[in-house]
$ cat coords33.txt   # compact mmCIF, C-alpha atoms
# COMPACT_ATOMS: atom_id res chain seq x y z
CA MET Y 205 32.41 9.68 -62.63
CA ALA Y 206 32.40 11.37 -59.24
CA THR Y 207 32.10 8.00 -57.49
CA ASP Y 208 35.05 6.33 -59.19
CA ILE Y 209 37.43 7.27 -56.37
CA TYR Y 210 35.51 5.09 -53.92
CA GLU Y 211 35.90 2.02 -56.13
CA SER Y 212 39.51 2.68 -57.05
CA ARG Y 213 40.90 3.84 -53.71
CA GLU Y 214 38.68 2.94 -50.74
CA SER Y 215 38.88 -0.52 -49.17
CA GLN Y 216 36.28 -3.16 -49.93
CA VAL Y 217 35.64 -3.38 -46.18
CA ARG Y 218 33.03 -0.62 -46.51
CA SER Y 219 29.45 -1.84 -46.28
CA TYR Y 220 26.74 0.81 -45.87
CA SER Y 221 27.78 2.70 -48.99
CA LYS Y 222 27.32 -0.45 -51.05
CA ASN Y 223 23.67 -0.72 -50.07
CA TRP Y 224 23.05 3.04 -50.08
CA PRO Y 225 25.11 4.38 -53.04
CA ALA Y 226 23.86 7.97 -52.74
CA SER Y 227 26.36 10.66 -51.79
CA PHE Y 228 24.91 12.51 -48.79
CA GLU Y 229 25.86 16.16 -48.48
CA LYS Y 230 23.57 17.65 -45.83
CA ALA Y 231 21.42 16.43 -42.95
CA SER Y 232 18.86 17.92 -40.59
CA GLY Y 233 16.61 16.28 -38.03
CA ALA Y 234 15.30 12.99 -39.39
CA TYR Y 235 16.49 13.60 -42.95
CA GLN Y 236 19.62 13.35 -45.07
CA TYR Y 237 20.03 15.08 -48.43
CA THR Y 238 22.16 13.98 -51.36
CA GLU Y 239 24.46 16.15 -53.43
CA HIS Y 240 21.62 16.42 -55.93
CA GLY Y 241 19.05 17.45 -53.33
CA THR Y 242 17.18 14.15 -52.96
CA ARG Y 243 15.77 13.74 -49.45
CA TYR Y 244 15.95 10.48 -47.47
CA LEU Y 245 14.09 9.77 -44.24
CA ASP Y 246 16.65 8.31 -41.85
CA PHE Y 247 15.57 5.28 -39.80
CA PHE Y 248 19.22 4.34 -39.28
CA SER Y 249 20.35 7.27 -37.10
CA GLY Y 250 24.05 6.64 -37.53
CA ALA Y 251 23.66 3.10 -36.15
CA GLY Y 252 22.24 4.68 -33.02
CA ALA Y 253 24.75 7.53 -32.70
CA LEU Y 254 22.16 10.18 -33.64
CA ASN Y 255 19.37 9.69 -31.14
CA TYR Y 256 18.48 13.38 -31.31
CA GLY Y 257 18.65 13.58 -35.09
CA HIS Y 258 21.10 15.25 -37.41
CA ASN Y 259 22.54 18.67 -36.58
CA HIS Y 260 20.27 19.65 -33.73
CA PRO Y 261 20.38 23.46 -34.12
CA GLU Y 262 21.16 24.33 -30.50
CA LEU Y 263 23.93 21.74 -30.25
CA ARG Y 264 25.31 22.82 -33.63
CA ASP Y 265 25.47 26.44 -32.54
CA LEU Y 266 27.30 25.47 -29.34
CA ILE Y 267 30.01 23.77 -31.40
CA VAL Y 268 30.35 26.75 -33.71
CA ASP Y 269 30.68 29.16 -30.78
CA TYR Y 270 33.15 26.92 -28.94
CA VAL Y 271 35.43 26.62 -31.96
CA ALA Y 272 35.11 30.30 -32.85
CA ASN Y 273 36.30 31.20 -29.35
CA ASP Y 274 39.37 28.91 -29.55
CA GLY Y 275 38.04 26.40 -27.03
CA VAL Y 276 40.33 23.46 -26.35
CA THR Y 277 39.44 20.56 -28.66
CA HIS Y 278 41.95 17.88 -27.71
CA SER Y 279 43.01 17.42 -24.09
CA LEU Y 280 43.55 13.70 -23.37
CA ASP Y 281 42.56 13.44 -19.68
CA MET Y 282 43.48 16.99 -18.69
CA LYS Y 283 41.00 19.26 -16.95
CA THR Y 284 38.87 21.61 -19.05
CA PRO Y 285 35.73 23.64 -18.32
CA ALA Y 286 33.89 21.58 -20.97
CA LYS Y 287 34.79 18.32 -19.25
CA ARG Y 288 33.89 19.70 -15.83
CA ARG Y 289 30.49 20.85 -17.06
CA PHE Y 290 29.74 17.46 -18.60
CA LEU Y 291 30.67 15.57 -15.42
CA GLU Y 292 28.62 17.92 -13.24
CA THR Y 293 25.64 17.67 -15.57
CA PHE Y 294 25.86 13.89 -15.89
CA GLU Y 295 26.02 13.56 -12.11
CA ARG Y 296 23.08 15.91 -11.53
CA ILE Y 297 20.72 14.78 -14.28
CA ILE Y 298 21.55 11.11 -14.82
CA LEU Y 299 23.38 9.50 -11.90
CA GLU Y 300 21.90 11.08 -8.78
CA PRO Y 301 18.20 10.76 -9.72
CA ARG Y 302 18.79 7.05 -10.42
CA ASN Y 303 20.79 6.41 -7.25
CA LEU Y 304 23.81 5.32 -9.28
CA ASP Y 305 27.10 6.14 -7.58
CA TYR Y 306 29.26 5.35 -10.59
CA LYS Y 307 32.75 6.62 -11.25
CA VAL Y 308 33.10 7.89 -14.82
CA MET Y 309 35.97 6.78 -17.04
CA PHE Y 310 36.71 8.15 -20.52
CA PRO Y 311 38.30 5.10 -22.15
CA GLY Y 312 38.56 6.28 -25.76
CA PRO Y 313 35.97 7.55 -28.22
CA THR Y 314 34.11 4.42 -29.39
CA GLY Y 315 31.91 1.60 -28.19
CA THR Y 316 34.58 -1.04 -28.52
CA ASN Y 317 36.88 1.15 -26.37
CA THR Y 318 34.46 1.14 -23.48
CA VAL Y 319 33.93 -2.62 -23.75
CA GLU Y 320 37.69 -3.24 -23.71
CA ALA Y 321 38.04 -1.07 -20.60
CA ALA Y 322 35.18 -2.90 -18.89
CA LEU Y 323 36.66 -6.34 -19.56
CA LYS Y 324 40.12 -5.25 -18.42
CA LEU Y 325 38.75 -3.69 -15.24
CA ALA Y 326 36.66 -6.77 -14.39
CA ARG Y 327 39.72 -8.99 -14.68
CA LYS Y 328 41.86 -6.60 -12.66
CA VAL Y 329 39.33 -6.30 -9.84
CA THR Y 330 38.56 -10.00 -9.52
CA GLY Y 331 41.90 -11.53 -10.45
CA ARG Y 332 39.99 -13.91 -12.72
CA GLN Y 333 40.39 -14.17 -16.49
CA HIS Y 334 37.27 -15.74 -17.92
CA ILE Y 335 34.35 -13.67 -19.23
CA LEU Y 336 30.92 -15.06 -20.08
CA SER Y 337 28.84 -13.51 -22.85
CA PHE Y 338 25.75 -14.57 -24.74
CA THR Y 339 24.74 -16.23 -27.97
CA ASN Y 340 24.28 -13.69 -30.80
CA ALA Y 341 26.00 -10.95 -28.79
CA PHE Y 342 27.91 -8.12 -30.45
CA HIS Y 343 30.29 -5.96 -28.41
CA GLY Y 344 32.77 -4.46 -30.88
CA MET Y 345 35.54 -5.16 -33.37
CA THR Y 346 38.75 -5.09 -31.32
CA LEU Y 347 40.17 -8.35 -29.96
CA GLY Y 348 38.75 -8.26 -26.44
CA ALA Y 349 35.33 -7.15 -27.64
CA LEU Y 350 35.40 -9.75 -30.42
CA SER Y 351 36.17 -12.47 -27.89
CA VAL Y 352 32.77 -11.85 -26.29
CA THR Y 353 30.96 -11.42 -29.62
CA GLY Y 354 28.93 -14.26 -31.09
CA ASN Y 355 28.87 -13.44 -34.83
CA SER Y 356 31.12 -15.94 -36.61
CA MET Y 357 31.93 -13.69 -39.57
CA LYS Y 358 33.11 -10.86 -37.34
CA ARG Y 359 35.05 -13.27 -35.11
CA ARG Y 360 36.89 -14.71 -38.12
CA GLY Y 361 38.21 -11.24 -38.88
CA ALA Y 362 40.39 -11.40 -35.77
CA GLY Y 363 42.76 -13.82 -37.48
CA ILE Y 364 43.75 -15.45 -34.19
CA PRO Y 365 41.98 -17.62 -31.57
CA LEU Y 366 39.70 -15.60 -29.32
CA THR Y 367 40.16 -17.00 -25.85
CA ASN Y 368 39.29 -16.48 -22.17
CA SER Y 369 35.57 -16.26 -22.87
CA SER Y 370 32.60 -18.58 -23.29
CA LYS Y 371 29.09 -18.14 -24.67
CA ILE Y 372 25.95 -19.00 -22.73
CA PRO Y 373 22.33 -18.97 -23.98
CA TYR Y 374 20.57 -15.61 -24.20
CA ASP Y 375 16.99 -15.27 -23.04
CA ASP Y 376 14.67 -17.66 -24.95
CA TYR Y 377 17.56 -19.13 -26.97
CA PHE Y 378 15.96 -22.56 -26.53
CA ASP Y 379 12.42 -21.25 -27.16
CA GLY Y 380 11.52 -21.59 -23.49
CA ASP Y 381 12.16 -25.35 -23.41
CA ILE Y 382 15.02 -25.11 -20.90
CA PRO Y 383 14.82 -23.11 -17.66
CA ASP Y 384 16.84 -19.90 -17.56
CA PHE Y 385 20.42 -20.18 -16.27
CA ILE Y 386 20.12 -23.90 -15.48
CA TRP Y 387 23.63 -24.60 -16.81
CA LEU Y 388 25.26 -21.52 -15.32
CA GLU Y 389 23.77 -21.97 -11.88
CA LYS Y 390 24.65 -25.67 -11.81
CA VAL Y 391 28.32 -25.27 -12.73
CA LEU Y 392 28.82 -22.32 -10.38
CA GLU Y 393 27.49 -24.32 -7.45
CA ASP Y 394 29.29 -27.57 -8.31
CA SER Y 395 32.93 -27.62 -7.18
CA GLY Y 396 33.49 -30.58 -9.47
CA SER Y 397 32.19 -28.93 -12.64
CA GLY Y 398 35.68 -28.00 -13.82
CA VAL Y 399 34.41 -24.56 -14.82
CA ASP Y 400 36.37 -21.68 -13.35
CA LYS Y 401 34.38 -18.84 -11.86
CA PRO Y 402 34.33 -16.00 -14.39
CA ALA Y 403 35.35 -12.44 -13.69
CA ALA Y 404 32.20 -11.07 -15.25
CA VAL Y 405 29.21 -11.62 -17.49
CA ILE Y 406 28.59 -9.04 -20.22
CA VAL Y 407 25.10 -8.62 -21.64
CA GLU Y 408 23.06 -6.41 -23.96
CA THR Y 409 19.48 -5.86 -22.81
CA VAL Y 410 18.55 -5.75 -26.51
CA GLN Y 411 20.92 -7.41 -28.97
CA GLY Y 412 21.17 -4.70 -31.60
CA GLU Y 413 23.33 -6.52 -34.13
CA GLY Y 414 22.31 -10.01 -33.06
CA GLY Y 415 18.75 -9.85 -34.34
CA LEU Y 416 17.01 -7.45 -31.93
CA ASN Y 417 16.51 -10.11 -29.31
CA ALA Y 418 15.13 -8.32 -26.24
CA ALA Y 419 15.69 -9.89 -22.84
CA ARG Y 420 12.71 -10.04 -20.54
CA LEU Y 421 13.03 -7.73 -17.56
CA SER Y 422 12.53 -10.71 -15.23
CA TRP Y 423 15.39 -12.53 -16.98
CA LEU Y 424 17.72 -9.57 -16.50
CA LYS Y 425 16.76 -9.35 -12.83
CA ALA Y 426 17.36 -13.09 -12.33
CA LEU Y 427 20.76 -12.80 -14.03
CA ALA Y 428 21.78 -9.89 -11.80
CA ASP Y 429 20.66 -11.77 -8.68
CA LEU Y 430 22.54 -14.93 -9.67
CA LEU Y 431 25.78 -13.07 -10.33
CA ARG Y 432 25.53 -11.14 -7.09
CA ARG Y 433 25.18 -14.38 -5.12
CA HIS Y 434 28.34 -15.73 -6.71
CA GLN Y 435 30.31 -12.44 -6.62
CA ILE Y 436 30.60 -12.21 -10.38
CA LEU Y 437 30.54 -8.75 -11.94
CA LEU Y 438 27.66 -7.78 -14.23
CA ILE Y 439 28.60 -5.64 -17.24
CA VAL Y 440 25.75 -4.12 -19.25
CA ASP Y 441 26.74 -3.05 -22.75
CA ASP Y 442 24.44 -0.07 -23.29
CA VAL Y 443 26.34 1.29 -26.26
CA GLN Y 444 23.43 0.98 -28.69
CA ALA Y 445 20.44 0.45 -26.39
CA GLY Y 446 21.28 3.32 -24.04
CA CYS Y 447 20.79 7.10 -24.13
CA GLY Y 448 17.03 6.69 -24.40
CA ARG Y 449 16.78 4.31 -27.33
CA THR Y 450 14.65 1.78 -25.46
CA GLY Y 451 12.55 4.44 -23.70
CA ARG Y 452 14.58 5.39 -20.63
CA PHE Y 453 18.10 6.78 -20.45
CA PHE Y 454 19.63 3.41 -19.50
CA SER Y 455 18.08 0.32 -21.03
CA PHE Y 456 18.35 -1.62 -17.75
CA GLU Y 457 16.33 0.84 -15.66
CA GLU Y 458 13.01 -0.94 -16.16
CA ALA Y 459 14.50 -4.17 -14.83
CA GLY Y 460 15.36 -2.45 -11.56
CA ILE Y 461 18.98 -3.60 -11.60
CA HIS Y 462 22.23 -1.76 -10.85
CA PRO Y 463 25.01 -3.27 -13.00
CA ASP Y 464 28.56 -3.23 -11.66
CA ILE Y 465 29.90 -1.79 -14.92
CA VAL Y 466 28.07 -0.02 -17.76
CA CYS Y 467 29.39 0.66 -21.25
CA VAL Y 468 28.05 3.83 -22.92
CA SER Y 469 28.90 5.38 -26.28
CA LYS Y 470 27.16 6.18 -29.61
CA SER Y 471 24.61 8.89 -28.65
CA ILE Y 472 26.16 10.08 -25.40
CA SER Y 473 27.65 13.11 -27.18
CA GLY Y 474 24.18 14.07 -28.38
CA TYR Y 475 25.53 15.09 -31.79
CA GLY Y 476 27.20 12.07 -33.34
CA LEU Y 477 30.66 13.05 -32.14
CA PRO Y 478 33.00 10.28 -30.92
CA MET Y 479 32.63 9.79 -27.18
CA ALA Y 480 32.42 6.86 -24.77
CA LEU Y 481 32.07 6.28 -21.04
CA THR Y 482 32.82 3.31 -18.83
CA LEU Y 483 30.79 3.60 -15.64
CA PHE Y 484 31.49 1.44 -12.59
CA ARG Y 485 30.80 1.16 -8.90
CA ARG Y 486 33.04 3.41 -6.84
CA GLU Y 487 34.80 0.52 -5.07
CA LEU Y 488 35.87 -0.94 -8.43
CA ASP Y 489 38.05 2.06 -9.23
CA VAL Y 490 41.37 0.26 -8.74
CA TRP Y 491 43.15 1.71 -11.77
CA GLU Y 492 46.65 3.12 -11.47
CA GLY Y 493 47.24 6.44 -13.21
CA GLY Y 494 47.73 5.86 -16.95
CA GLU Y 495 47.10 2.11 -16.68
CA HIS Y 496 44.42 2.45 -19.35
CA ASN Y 497 44.56 5.47 -21.63
CA GLY Y 498 43.94 6.73 -25.15
CA THR Y 499 44.87 9.78 -27.17
CA PHE Y 500 41.30 10.76 -28.05
CA ARG Y 501 39.56 10.23 -24.71
CA GLY Y 502 39.24 13.99 -24.16
CA ASN Y 503 36.95 15.15 -26.99
CA ASN Y 504 35.85 18.54 -25.71
CA LEU Y 505 33.46 19.22 -28.58
CA ALA Y 506 31.61 16.08 -27.48
CA PHE Y 507 31.67 17.22 -23.83
CA VAL Y 508 30.05 20.50 -24.87
CA THR Y 509 27.19 18.91 -26.82
CA ALA Y 510 26.74 16.00 -24.39
CA ALA Y 511 26.13 18.27 -21.41
CA ARG Y 512 23.59 20.37 -23.27
CA ALA Y 513 21.81 17.31 -24.70
CA LEU Y 514 21.31 15.97 -21.18
CA GLU Y 515 19.80 19.30 -20.12
CA LEU Y 516 17.56 19.51 -23.18
CA PHE Y 517 16.16 15.99 -23.08
CA TRP Y 518 16.65 14.44 -19.64
CA SER Y 519 16.34 17.18 -17.01
CA ASP Y 520 12.70 16.15 -16.40
CA ASP Y 521 10.27 13.46 -17.60
CA ALA Y 522 8.73 15.42 -20.47
CA PHE Y 523 10.91 14.02 -23.26
CA GLN Y 524 10.72 10.46 -21.91
CA ASN Y 525 6.93 10.65 -21.71
CA GLU Y 526 6.67 12.02 -25.24
CA LEU Y 527 8.97 9.27 -26.46
CA ALA Y 528 6.80 6.62 -24.81
CA GLY Y 529 3.86 7.71 -26.94
CA LYS Y 530 5.89 7.46 -30.14
CA ILE Y 531 7.17 4.03 -29.12
CA ASP Y 532 3.56 2.88 -28.84
CA GLU Y 533 2.79 4.34 -32.28
CA LEU Y 534 5.74 2.51 -33.83
CA ALA Y 535 4.87 -0.80 -32.17
CA GLU Y 536 1.28 -0.57 -33.38
CA GLY Y 537 2.37 0.19 -36.93
CA LEU Y 538 4.88 -2.66 -37.07
CA ALA Y 539 2.34 -5.12 -35.67
CA LYS Y 540 0.01 -4.26 -38.56
CA ILE Y 541 2.79 -4.78 -41.07
CA THR Y 542 3.52 -8.29 -39.79
CA GLU Y 543 -0.02 -9.27 -40.74
CA HIS Y 544 1.12 -9.25 -44.38
CA VAL Y 545 3.72 -11.99 -43.89
CA ASN Y 546 2.88 -15.29 -42.22
CA GLY Y 547 5.40 -15.96 -39.45
CA ALA Y 548 6.80 -12.42 -39.30
CA THR Y 549 7.25 -11.10 -35.77
CA VAL Y 550 8.12 -7.77 -34.14
CA ARG Y 551 11.45 -7.79 -32.30
CA GLY Y 552 13.29 -5.46 -29.93
CA ARG Y 553 12.19 -2.74 -27.55
CA GLY Y 554 11.47 0.96 -27.80
CA PHE Y 555 13.07 2.63 -30.82
CA LEU Y 556 15.50 -0.29 -31.16
CA THR Y 557 13.03 -2.55 -32.89
CA GLY Y 558 12.20 -4.26 -36.16
CA ILE Y 559 10.56 -7.18 -37.92
CA CYS Y 560 11.96 -10.70 -38.20
CA PHE Y 561 10.99 -12.60 -41.35
CA PRO Y 562 10.79 -16.40 -41.63
CA ASP Y 563 12.59 -16.24 -44.98
CA ALA Y 564 15.98 -14.70 -44.14
CA ASP Y 565 16.32 -13.11 -47.59
CA THR Y 566 13.19 -11.01 -47.13
CA ALA Y 567 14.74 -8.44 -44.76
CA GLY Y 568 17.43 -7.47 -47.26
CA LYS Y 569 14.82 -7.12 -50.00
CA VAL Y 570 12.68 -4.93 -47.75
CA ALA Y 571 15.65 -2.70 -46.93
CA ALA Y 572 16.41 -2.36 -50.66
CA GLU Y 573 12.80 -1.50 -51.46
CA ALA Y 574 12.79 1.04 -48.63
CA TYR Y 575 15.89 2.69 -50.09
CA LYS Y 576 14.13 2.98 -53.45
CA ARG Y 577 11.41 4.85 -51.59
CA ASN Y 578 13.93 7.19 -49.90
CA LEU Y 579 14.03 5.52 -46.49
CA LEU Y 580 17.30 4.39 -44.88
CA LEU Y 581 16.83 1.05 -43.13
CA GLU Y 582 19.40 -1.61 -42.22
CA THR Y 583 19.21 -5.31 -41.39
CA SER Y 584 20.25 -7.29 -38.33
CA GLY Y 585 20.66 -10.85 -37.11
CA PRO Y 586 23.00 -13.77 -37.85
CA LYS Y 587 21.36 -14.25 -41.26
CA ASP Y 588 20.31 -10.60 -41.73
CA GLU Y 589 16.77 -11.83 -41.27
CA VAL Y 590 15.54 -8.75 -39.35
CA ILE Y 591 14.87 -5.22 -40.57
CA LYS Y 592 16.23 -2.88 -37.94
CA ILE Y 593 14.28 0.29 -37.24
CA MET Y 594 16.05 3.10 -35.37
CA PRO Y 595 14.40 6.49 -35.97
CA PRO Y 596 15.75 9.51 -34.12
CA LEU Y 597 14.06 9.81 -30.74
CA THR Y 598 13.10 13.38 -31.67
CA ILE Y 599 11.21 12.38 -34.82
CA SER Y 600 7.79 13.94 -35.32
CA SER Y 601 4.73 11.69 -35.26
CA GLU Y 602 4.09 12.68 -38.89
CA ASP Y 603 7.54 11.54 -40.05
CA LEU Y 604 7.31 8.40 -37.92
CA HIS Y 605 3.99 7.50 -39.55
CA LYS Y 606 5.46 8.28 -42.97
CA GLY Y 607 8.40 5.96 -42.37
CA VAL Y 608 6.20 3.11 -41.15
CA ALA Y 609 4.02 3.50 -44.26
CA ILE Y 610 7.10 3.26 -46.48
CA ILE Y 611 8.16 0.11 -44.64
CA GLU Y 612 4.76 -1.43 -45.32
CA ASP Y 613 5.05 -0.55 -49.02
CA ALA Y 614 8.54 -2.07 -49.05
CA VAL Y 615 7.33 -5.28 -47.37
CA LEU Y 616 4.49 -5.65 -49.88
CA ALA Y 617 6.88 -5.09 -52.80
CA ALA Y 618 9.60 -7.38 -51.41
CA THR Y 619 7.15 -10.24 -50.84
CA GLY Y 620 5.51 -9.84 -54.27
CA GLN Y 621 2.12 -8.93 -52.86
CA SER Y 622 1.63 -5.42 -54.13
CA ASP Y 623 3.30 -2.14 -54.96
CA GLU Y 624 0.23 -0.13 -54.06
CA PRO Y 625 0.40 2.71 -51.51
CA SER Y 626 0.33 1.67 -47.88
CA ARG Y 627 -2.89 1.59 -45.89
CA LEU Y 628 -0.79 3.10 -43.08
CA ARG Y 629 0.08 6.23 -45.03
CA ALA Y 630 -0.81 9.42 -43.21
CA PRO Y 631 -3.62 11.48 -44.78
CA HIS Y 632 -2.65 14.76 -46.40
$ encode --input "coords33.txt" --output "structure tokens"
Amino acid sequence: MATDIYESRESQVRSYSKNWPASFEKASGAYQYTEHGTRYLDFFSGAGALNYGHNHPELRDLIVDYVANDGVTHSLDMKTPAKRRFLETFERIILEPRNLDYKVMFPGPTGTNTVEAALKLARKVTGRQHILSFTNAFHGMTLGALSVTGNSMKRRGAGIPLTNSSKIPYDDYFDGDIPDFIWLEKVLEDSGSGVDKPAAVIVETVQGEGGLNAARLSWLKALADLLRRHQILLIVDDVQAGCGRTGRFFSFEEAGIHPDIVCVSKSISGYGLPMALTLFRRELDVWEGGEHNGTFRGNNLAFVTAARALELFWSDDAFQNELAGKIDELAEGLAKITEHVNGATVRGRGFLTGICFPDADTAGKVAAEAYKRNLLLETSGPKDEVIKIMPPLTISSEDLHKGVAIIEDAVLAATGQSDEPSRLRAPH
């Protein structure tokens, strides 16, 4: 069989292909197509790396033209016109309108690369070693990023003790029974606490892998204020929640905070190409030349598509306003679905959202039923108790409604209530 090579040769570490055994050959917009022509609606979006859908035609054509004209592909940290254009565009469209005077670092091509750079920089700047992160956090799979990750299964994969970090409760971890930051504030102000002042605190505004826990904006603001008072750096990991996924370009904008360091990756290239940024306040740029580097930090194809994506989607408020309407549509649809399952709740924010089920096994069953109905949907949370919904931000209202209707059908089937067509299905 054509799939035998995967079983005989590829490592068992693979995961998505086990739940979605189809072989995908083509993709466009919100859809992927198998080798046999079967179409799947994609509410996975490359784990958030495809915010503007698959193979956006204008971005695709830019890549084709760039390669056809022998444009430089690999350049480490050397100067290229593609890199210059990205930096100028990012400054003009993203940083300046938001009053963010960040230096831009290209740490390597992935999310875990930018987290590693952020942790290293925080320690270098402050001269302190300890980093605080939050319960149920996920920041990447390399050793530094794993040390600030909460998931026990992923942490075990390190094979060695993960040190120089501690976990503190995320927003509402104690169901509102304990005031926010009571422990942290107390130990920072008590010289006899025995707790060393950390270099930084790293936080996700929405915990993508941790169960779609979304921090309240007031909680994020209080955290930023507390850290500023104690001269502790605030790192926001915006790898998955950024680039518009929660409604604005940066997920922390609504909270009105200016983090010291920001980690960006996944959809920053606009096309699913590997690319990452570490952004930080100008005065934190204490690196020596070559002190942190990487062979693939100069992906010029990604620079080309990233610059154009910013121009297409973020040069004014039109795309953001259109997205806000779709976010409302999705939230309304999910709220109706939860009515079918007692105790089910909507989680997350924007297009990084989902449904948490009281029976942890339900989410996996829903995802499986969705796949049977040609919808790609993954799960999230420490027990995989949440279905995670990440449509492309460019999805049409018709396809969004179609996907939500499939999710309702899948929930009804997974919970043994019905396999009848959804009441949310769009009329023909």
$ axis_aligned_box --input "coords33.txt" --around "region 246-261 of chain Y" --padding-each-side "8 Å" --output "AutoDock Vina command-line options"
--center_x 20.2 --center_y 13.3 --center_z -36.5 --size_x 25.2 --size_y 36.4 --size_z 26.7
$ residues_around --input "coords33.txt" --residues "region 526-532 of chain Y" --least-positions-apart "5" --cutoff "9 Å" --atoms "all atoms listed in the file" --output "list in words"
Gly448, Thr450, Gly451, Arg452, Asp521, Gly537, Arg553, Gly554, Phe555, Leu597, Thr598, Ile599, Ser600, Ser601 and Leu604 of chain Y
$ closest_residue --input "coords33.txt" --among "Y:Ile610, Y:Ala617, Y:Ala548, Y:Leu481" --to "Phe294 (chain Y)" --atoms "only C-alpha atoms"
Y:Leu481
$ closest_atom_pairs --input "coords33.txt" --of "region 473-589 of chain Y" --to "region 304-314 of chain Y" --cutoff "12 Å" --atoms "only C-alpha atoms" --output "tab-separated table"
residue	atom	partner	partner_atom	distance
Y:Ser473	CA	Y:Pro313	CA	10.1
Y:Gly476	CA	Y:Thr314	CA	11.0
Y:Leu477	CA	Y:Pro313	CA	8.6
Y:Pro478	CA	Y:Pro313	CA	4.9
Y:Met479	CA	Y:Pro313	CA	4.2
Y:Ala480	CA	Y:Pro313	CA	5.0
Y:Leu481	CA	Y:Phe310	CA	5.0
Y:Thr482	CA	Y:Met309	CA	5.0
Y:Leu483	CA	Y:Val308	CA	4.9
Y:Phe484	CA	Y:Tyr306	CA	4.9
Y:Arg485	CA	Y:Tyr306	CA	4.8
Y:Arg486	CA	Y:Lys307	CA	5.5
Y:Glu487	CA	Y:Lys307	CA	8.9
Y:Leu488	CA	Y:Lys307	CA	8.7
Y:Asp489	CA	Y:Lys307	CA	7.3
Y:Val490	CA	Y:Lys307	CA	11.0
Y:Trp491	CA	Y:Met309	CA	10.2
Y:Gly493	CA	Y:Met309	CA	11.9
Y:Gly494	CA	Y:Pro311	CA	10.8
Y:Glu495	CA	Y:Pro311	CA	10.8
Y:His496	CA	Y:Pro311	CA	7.2
Y:Asn497	CA	Y:Pro311	CA	6.3
Y:Gly498	CA	Y:Gly312	CA	5.4
Y:Thr499	CA	Y:Gly312	CA	7.4
Y:Phe500	CA	Y:Gly312	CA	5.7
Y:Arg501	CA	Y:Gly312	CA	4.2
Y:Gly502	CA	Y:Phe310	CA	7.3
Y:Asn503	CA	Y:Pro313	CA	7.8
Y:Asn504	CA	Y:Pro313	CA	11.3
Y:Leu505	CA	Y:Pro313	CA	11.9
Y:Ala506	CA	Y:Pro313	CA	9.6
Y:Phe507	CA	Y:Phe310	CA	10.9
$ closest_residue --input "coords33.txt" --among "Y:Gly620, Y:Gly414, Y:Gly233, Y:Pro562" --to "Asn355 (chain Y)" --atoms "all atoms listed in the file"
Y:Gly414
$ atom_distance --input "coords33.txt" --atom1 "CA of Phe247 (chain Y)" --atom2 "CA of Leu579 (chain Y)"
6.9 Å
$ closest_residue --input "coords33.txt" --among "Y:Lys390, Y:His434, Y:Arg327, Y:Lys592" --to "Gly558 (chain Y)" --atoms "all atoms listed in the file"
Y:Lys592
$ atom_distance --input "coords33.txt" --atom1 "CA of Asp464 (chain Y)" --atom2 "CA of Ala349 (chain Y)"
17.8 Å
$ closest_residue --input "coords33.txt" --among "Y:Val550, Y:Ala571, Y:Val443, Y:Leu514" --to "Asn417 (chain Y)" --atoms "all atoms listed in the file"
Y:Val550
